[in-house]
file coords00.cif (mmCIF, C-alpha atoms)
data_entry
#
loop_
_atom_site.label_atom_id
_atom_site.label_comp_id
_atom_site.auth_asym_id
_atom_site.auth_seq_id
_atom_site.Cartn_x
_atom_site.Cartn_y
_atom_site.Cartn_z
CA MET A 1 61.87 -0.14 78.51
CA GLN A 2 64.25 -2.90 79.32
CA ASN A 3 66.33 -2.84 82.50
CA TRP A 4 70.02 -2.73 81.84
CA GLY A 5 72.32 -5.07 83.64
CA VAL A 6 75.89 -4.66 84.75
CA ASP A 7 77.26 -5.83 81.40
CA GLU A 8 75.34 -3.20 79.45
CA TRP A 9 76.41 -0.42 81.83
CA ALA A 10 80.02 -1.60 81.66
CA SER A 11 79.83 -1.55 77.87
CA ILE A 12 78.44 1.98 77.85
CA PHE A 13 81.10 3.21 80.26
CA GLY A 14 83.75 1.47 78.18
CA ILE A 15 82.51 3.14 75.00
CA ILE A 16 82.32 6.54 76.70
CA GLY A 17 85.81 6.11 78.16
CA SER A 18 87.24 5.03 74.83
CA SER A 19 85.59 8.00 73.11
CA ILE A 20 86.98 10.44 75.64
CA THR A 21 90.45 8.90 75.30
CA ALA A 22 90.28 9.10 71.50
CA LEU A 23 89.14 12.73 71.67
CA SER A 24 91.93 13.65 74.07
CA TYR A 25 94.59 12.04 71.85
CA GLY A 26 93.05 13.72 68.81
CA LEU A 27 93.10 17.07 70.59
CA LYS A 28 96.69 16.45 71.60
CA TYR A 29 97.85 15.78 68.05
CA VAL A 30 95.67 18.34 66.30
CA VAL A 31 95.95 21.27 68.72
CA ILE A 32 98.60 20.82 71.38
CA LYS A 33 101.45 19.41 69.28
CA PRO A 34 101.31 22.25 66.69
CA LEU A 35 101.08 24.86 69.45
CA THR A 36 104.06 23.34 71.25
CA SER A 37 106.17 23.31 68.10
CA SER A 38 105.16 26.90 67.34
CA MET A 39 106.19 27.92 70.84
CA GLU A 40 109.56 26.20 70.41
CA ARG A 41 110.14 28.02 67.12
CA LEU A 42 109.19 31.33 68.74
CA ASN A 43 111.53 30.60 71.62
CA ASP A 44 114.38 29.99 69.16
CA SER A 45 113.51 33.19 67.32
CA PHE A 46 113.50 35.21 70.52
CA SER A 47 116.84 33.69 71.51
CA SER A 48 118.42 34.83 68.26
CA LEU A 49 116.74 38.22 68.62
CA ASP A 50 118.16 38.54 72.13
CA SER A 51 121.68 37.83 70.91
CA THR A 52 121.22 40.37 68.09
CA LEU A 53 120.04 42.99 70.56
CA LYS A 54 123.06 42.32 72.79
CA LEU A 55 125.37 42.88 69.82
CA MET A 56 123.53 46.08 68.91
CA ARG A 57 123.76 47.29 72.51
CA ALA A 58 127.51 46.65 72.51
CA ASP A 59 127.84 48.66 69.28
CA VAL A 60 125.74 51.50 70.72
CA ASP A 61 127.88 51.56 73.87
CA GLN A 62 131.03 51.71 71.74
CA ILE A 63 129.62 54.54 69.63
CA ASP A 64 128.56 56.37 72.80
CA GLU A 65 132.11 56.14 74.16
CA ARG A 66 133.52 57.47 70.89
CA VAL A 67 131.07 60.38 70.90
CA ASP A 68 132.01 61.22 74.49
CA ASP A 69 135.69 61.13 73.52
CA HIS A 70 135.07 63.46 70.55
CA GLU A 71 133.03 65.84 72.73
CA THR A 72 135.90 65.96 75.21
CA ARG A 73 138.39 66.73 72.43
CA ILE A 74 136.11 69.46 71.03
CA THR A 75 135.77 71.03 74.49
CA VAL A 76 139.55 71.03 74.92
CA LEU A 77 140.03 72.59 71.48
CA GLU A 78 137.41 75.26 72.21
CA LYS A 79 139.13 76.17 75.50
CA THR A 80 142.50 76.27 73.75
CA GLN A 81 141.03 78.49 71.02
CA LYS A 82 139.57 80.89 73.60
CA LYS A 83 142.92 81.16 75.39
CA GLU A 84 144.66 82.06 72.13
CA ASP A 85 142.13 84.80 71.42
#

call {"tool": "encode", "arguments": {"input": "coords00.cif", "output": "structure tokens"}}
result
Amino acid sequence: MQNWGVDEWASIFGIIGSSITALSYGLKYVVIKPLTSSMERLNDSFSSLDSTLKLMRADVDQIDERVDDHETRITVLEKTQKKED
């Protein structure tokens, strides 16, 4: 077996470093970029869902106030009806 000199070791480390760099960039573009874009789309979807839920909550609050108002009117009418009887 031949002894390797500094130049051979430097070449091997250069090849290994280049391979690791290429793999990391490949991983970045194949895995991380699609995941990041998916997360951004989900974030946009949740933002629109949040605004929809706020609108629904406002409608529910308005309906709740109307129901309370009708219940109050019904109670007043029932008391008035009992007084007349």

call {"tool": "atom_distance", "arguments": {"input": "coords00.cif", "atom1": "CA of Leu42 (chain A)", "atom2": "CA of Val60 (chain A)"}}
result
26.2 Å

call {"tool": "atom_distance", "arguments": {"input": "coords00.cif", "atom1": "CA of Ser37 (chain A)", "atom2": "CA of Tyr25 (chain A)"}}
result
16.6 Å

call {"tool": "atom_distance", "arguments": {"input": "coords00.cif", "atom1": "CA of Asn3 (chain A)", "atom2": "CA of Thr21 (chain A)"}}
result
27.8 Å

call {"tool": "decode", "arguments": {"input": "coords00.cif", "residues": "region 61-76 of chain A", "atoms": "all heavy atoms", "output": "compact mmCIF listing (two decimals), in the first residue's frame"}}
result
# COMPACT_ATOMS: atom_id res chain seq x y z
N ASP A 61 -72.39 36.77 17.66
CA ASP A 61 -72.64 37.74 18.73
C ASP A 61 -73.87 38.58 18.43
O ASP A 61 -74.68 38.85 19.32
CB ASP A 61 -71.42 38.64 18.93
CG ASP A 61 -70.24 37.90 19.55
OD1 ASP A 61 -70.46 36.81 20.13
OD2 ASP A 61 -69.10 38.42 19.45
N GLN A 62 -74.02 38.99 17.17
CA GLN A 62 -75.19 39.78 16.78
C GLN A 62 -76.47 38.95 16.94
O GLN A 62 -77.48 39.45 17.45
CB GLN A 62 -75.03 40.26 15.34
CG GLN A 62 -76.16 41.15 14.87
CD GLN A 62 -75.99 41.54 13.42
OE1 GLN A 62 -75.24 40.91 12.67
NE2 GLN A 62 -76.71 42.57 13.02
N ILE A 63 -76.44 37.71 16.51
CA ILE A 63 -77.61 36.85 16.65
C ILE A 63 -77.93 36.62 18.13
O ILE A 63 -79.10 36.63 18.54
CB ILE A 63 -77.38 35.51 15.91
CG1 ILE A 63 -77.37 35.75 14.41
CG2 ILE A 63 -78.43 34.48 16.30
CD1 ILE A 63 -76.92 34.55 13.60
N ASP A 64 -76.90 36.45 18.94
CA ASP A 64 -77.09 36.26 20.38
C ASP A 64 -77.77 37.47 21.01
O ASP A 64 -78.67 37.33 21.84
CB ASP A 64 -75.74 35.98 21.05
CG ASP A 64 -75.89 35.51 22.47
OD1 ASP A 64 -76.81 34.71 22.75
OD2 ASP A 64 -75.08 35.94 23.32
N GLU A 65 -77.36 38.67 20.60
CA GLU A 65 -77.99 39.88 21.11
C GLU A 65 -79.46 39.96 20.69
O GLU A 65 -80.33 40.34 21.49
CB GLU A 65 -77.24 41.11 20.61
CG GLU A 65 -75.88 41.31 21.25
CD GLU A 65 -75.11 42.47 20.64
OE1 GLU A 65 -75.71 43.23 19.84
OE2 GLU A 65 -73.92 42.60 20.95
N ARG A 66 -79.74 39.58 19.45
CA ARG A 66 -81.12 39.61 18.97
C ARG A 66 -81.99 38.60 19.73
O ARG A 66 -83.14 38.88 20.07
CB ARG A 66 -81.17 39.33 17.47
CG ARG A 66 -80.59 40.48 16.66
CD ARG A 66 -80.54 40.19 15.19
NE ARG A 66 -81.88 40.01 14.65
CZ ARG A 66 -82.13 39.50 13.47
NH1 ARG A 66 -81.14 39.11 12.69
NH2 ARG A 66 -83.36 39.37 13.04
N VAL A 67 -81.43 37.41 20.00
CA VAL A 67 -82.18 36.40 20.75
C VAL A 67 -82.45 36.90 22.16
O VAL A 67 -83.56 36.75 22.68
CB VAL A 67 -81.40 35.06 20.77
CG1 VAL A 67 -81.98 34.11 21.81
CG2 VAL A 67 -81.42 34.42 19.40
N ASP A 68 -81.46 37.51 22.79
CA ASP A 68 -81.66 38.06 24.13
C ASP A 68 -82.75 39.13 24.12
O ASP A 68 -83.59 39.19 25.03
CB ASP A 68 -80.36 38.66 24.67
CG ASP A 68 -79.35 37.61 25.07
OD1 ASP A 68 -79.75 36.42 25.23
OD2 ASP A 68 -78.15 37.95 25.21
N ASP A 69 -82.75 39.98 23.10
CA ASP A 69 -83.77 41.02 22.98
C ASP A 69 -85.15 40.40 22.81
O ASP A 69 -86.12 40.83 23.46
CB ASP A 69 -83.44 41.93 21.79
CG ASP A 69 -84.38 43.10 21.69
OD1 ASP A 69 -84.64 43.75 22.73
OD2 ASP A 69 -84.87 43.37 20.57
N HIS A 70 -85.27 39.36 21.99
CA HIS A 70 -86.56 38.69 21.80
C HIS A 70 -87.01 38.00 23.09
O HIS A 70 -88.20 38.02 23.43
CB HIS A 70 -86.48 37.68 20.65
CG HIS A 70 -86.45 38.32 19.31
ND1 HIS A 70 -87.46 39.09 18.80
CD2 HIS A 70 -85.48 38.29 18.34
CE1 HIS A 70 -87.15 39.51 17.59
NE2 HIS A 70 -85.94 39.05 17.29
N GLU A 71 -86.08 37.38 23.81
CA GLU A 71 -86.44 36.74 25.07
C GLU A 71 -86.96 37.76 26.07
O GLU A 71 -87.93 37.50 26.81
CB GLU A 71 -85.24 35.99 25.65
CG GLU A 71 -84.92 34.72 24.90
CD GLU A 71 -83.66 34.04 25.43
OE1 GLU A 71 -82.90 34.66 26.21
OE2 GLU A 71 -83.44 32.88 25.06
N THR A 72 -86.33 38.93 26.09
CA THR A 72 -86.79 39.99 26.99
C THR A 72 -88.21 40.43 26.61
O THR A 72 -89.07 40.60 27.48
CB THR A 72 -85.83 41.19 26.92
OG1 THR A 72 -84.52 40.75 27.25
CG2 THR A 72 -86.26 42.28 27.89
N ARG A 73 -88.45 40.60 25.33
CA ARG A 73 -89.79 41.01 24.87
C ARG A 73 -90.84 39.95 25.22
O ARG A 73 -91.94 40.27 25.64
CB ARG A 73 -89.78 41.24 23.37
CG ARG A 73 -89.06 42.49 22.95
CD ARG A 73 -89.09 42.65 21.46
NE ARG A 73 -88.34 43.81 21.04
CZ ARG A 73 -88.18 44.15 19.77
NH1 ARG A 73 -88.70 43.41 18.81
NH2 ARG A 73 -87.49 45.21 19.47
N ILE A 74 -90.48 38.68 25.04
CA ILE A 74 -91.41 37.59 25.35
C ILE A 74 -91.72 37.57 26.85
O ILE A 74 -92.88 37.41 27.25
CB ILE A 74 -90.83 36.23 24.89
CG1 ILE A 74 -90.83 36.15 23.37
CG2 ILE A 74 -91.61 35.07 25.50
CD1 ILE A 74 -90.09 34.97 22.80
N THR A 75 -90.69 37.79 27.67
CA THR A 75 -90.90 37.81 29.12
C THR A 75 -91.84 38.96 29.50
O THR A 75 -92.75 38.79 30.33
CB THR A 75 -89.55 37.97 29.85
OG1 THR A 75 -88.68 36.92 29.45
CG2 THR A 75 -89.74 37.93 31.35
N VAL A 76 -91.64 40.12 28.90
CA VAL A 76 -92.50 41.27 29.19
C VAL A 76 -93.93 40.98 28.75
O VAL A 76 -94.91 41.26 29.48
CB VAL A 76 -91.96 42.54 28.49
CG1 VAL A 76 -92.98 43.68 28.53
CG2 VAL A 76 -90.65 42.97 29.12
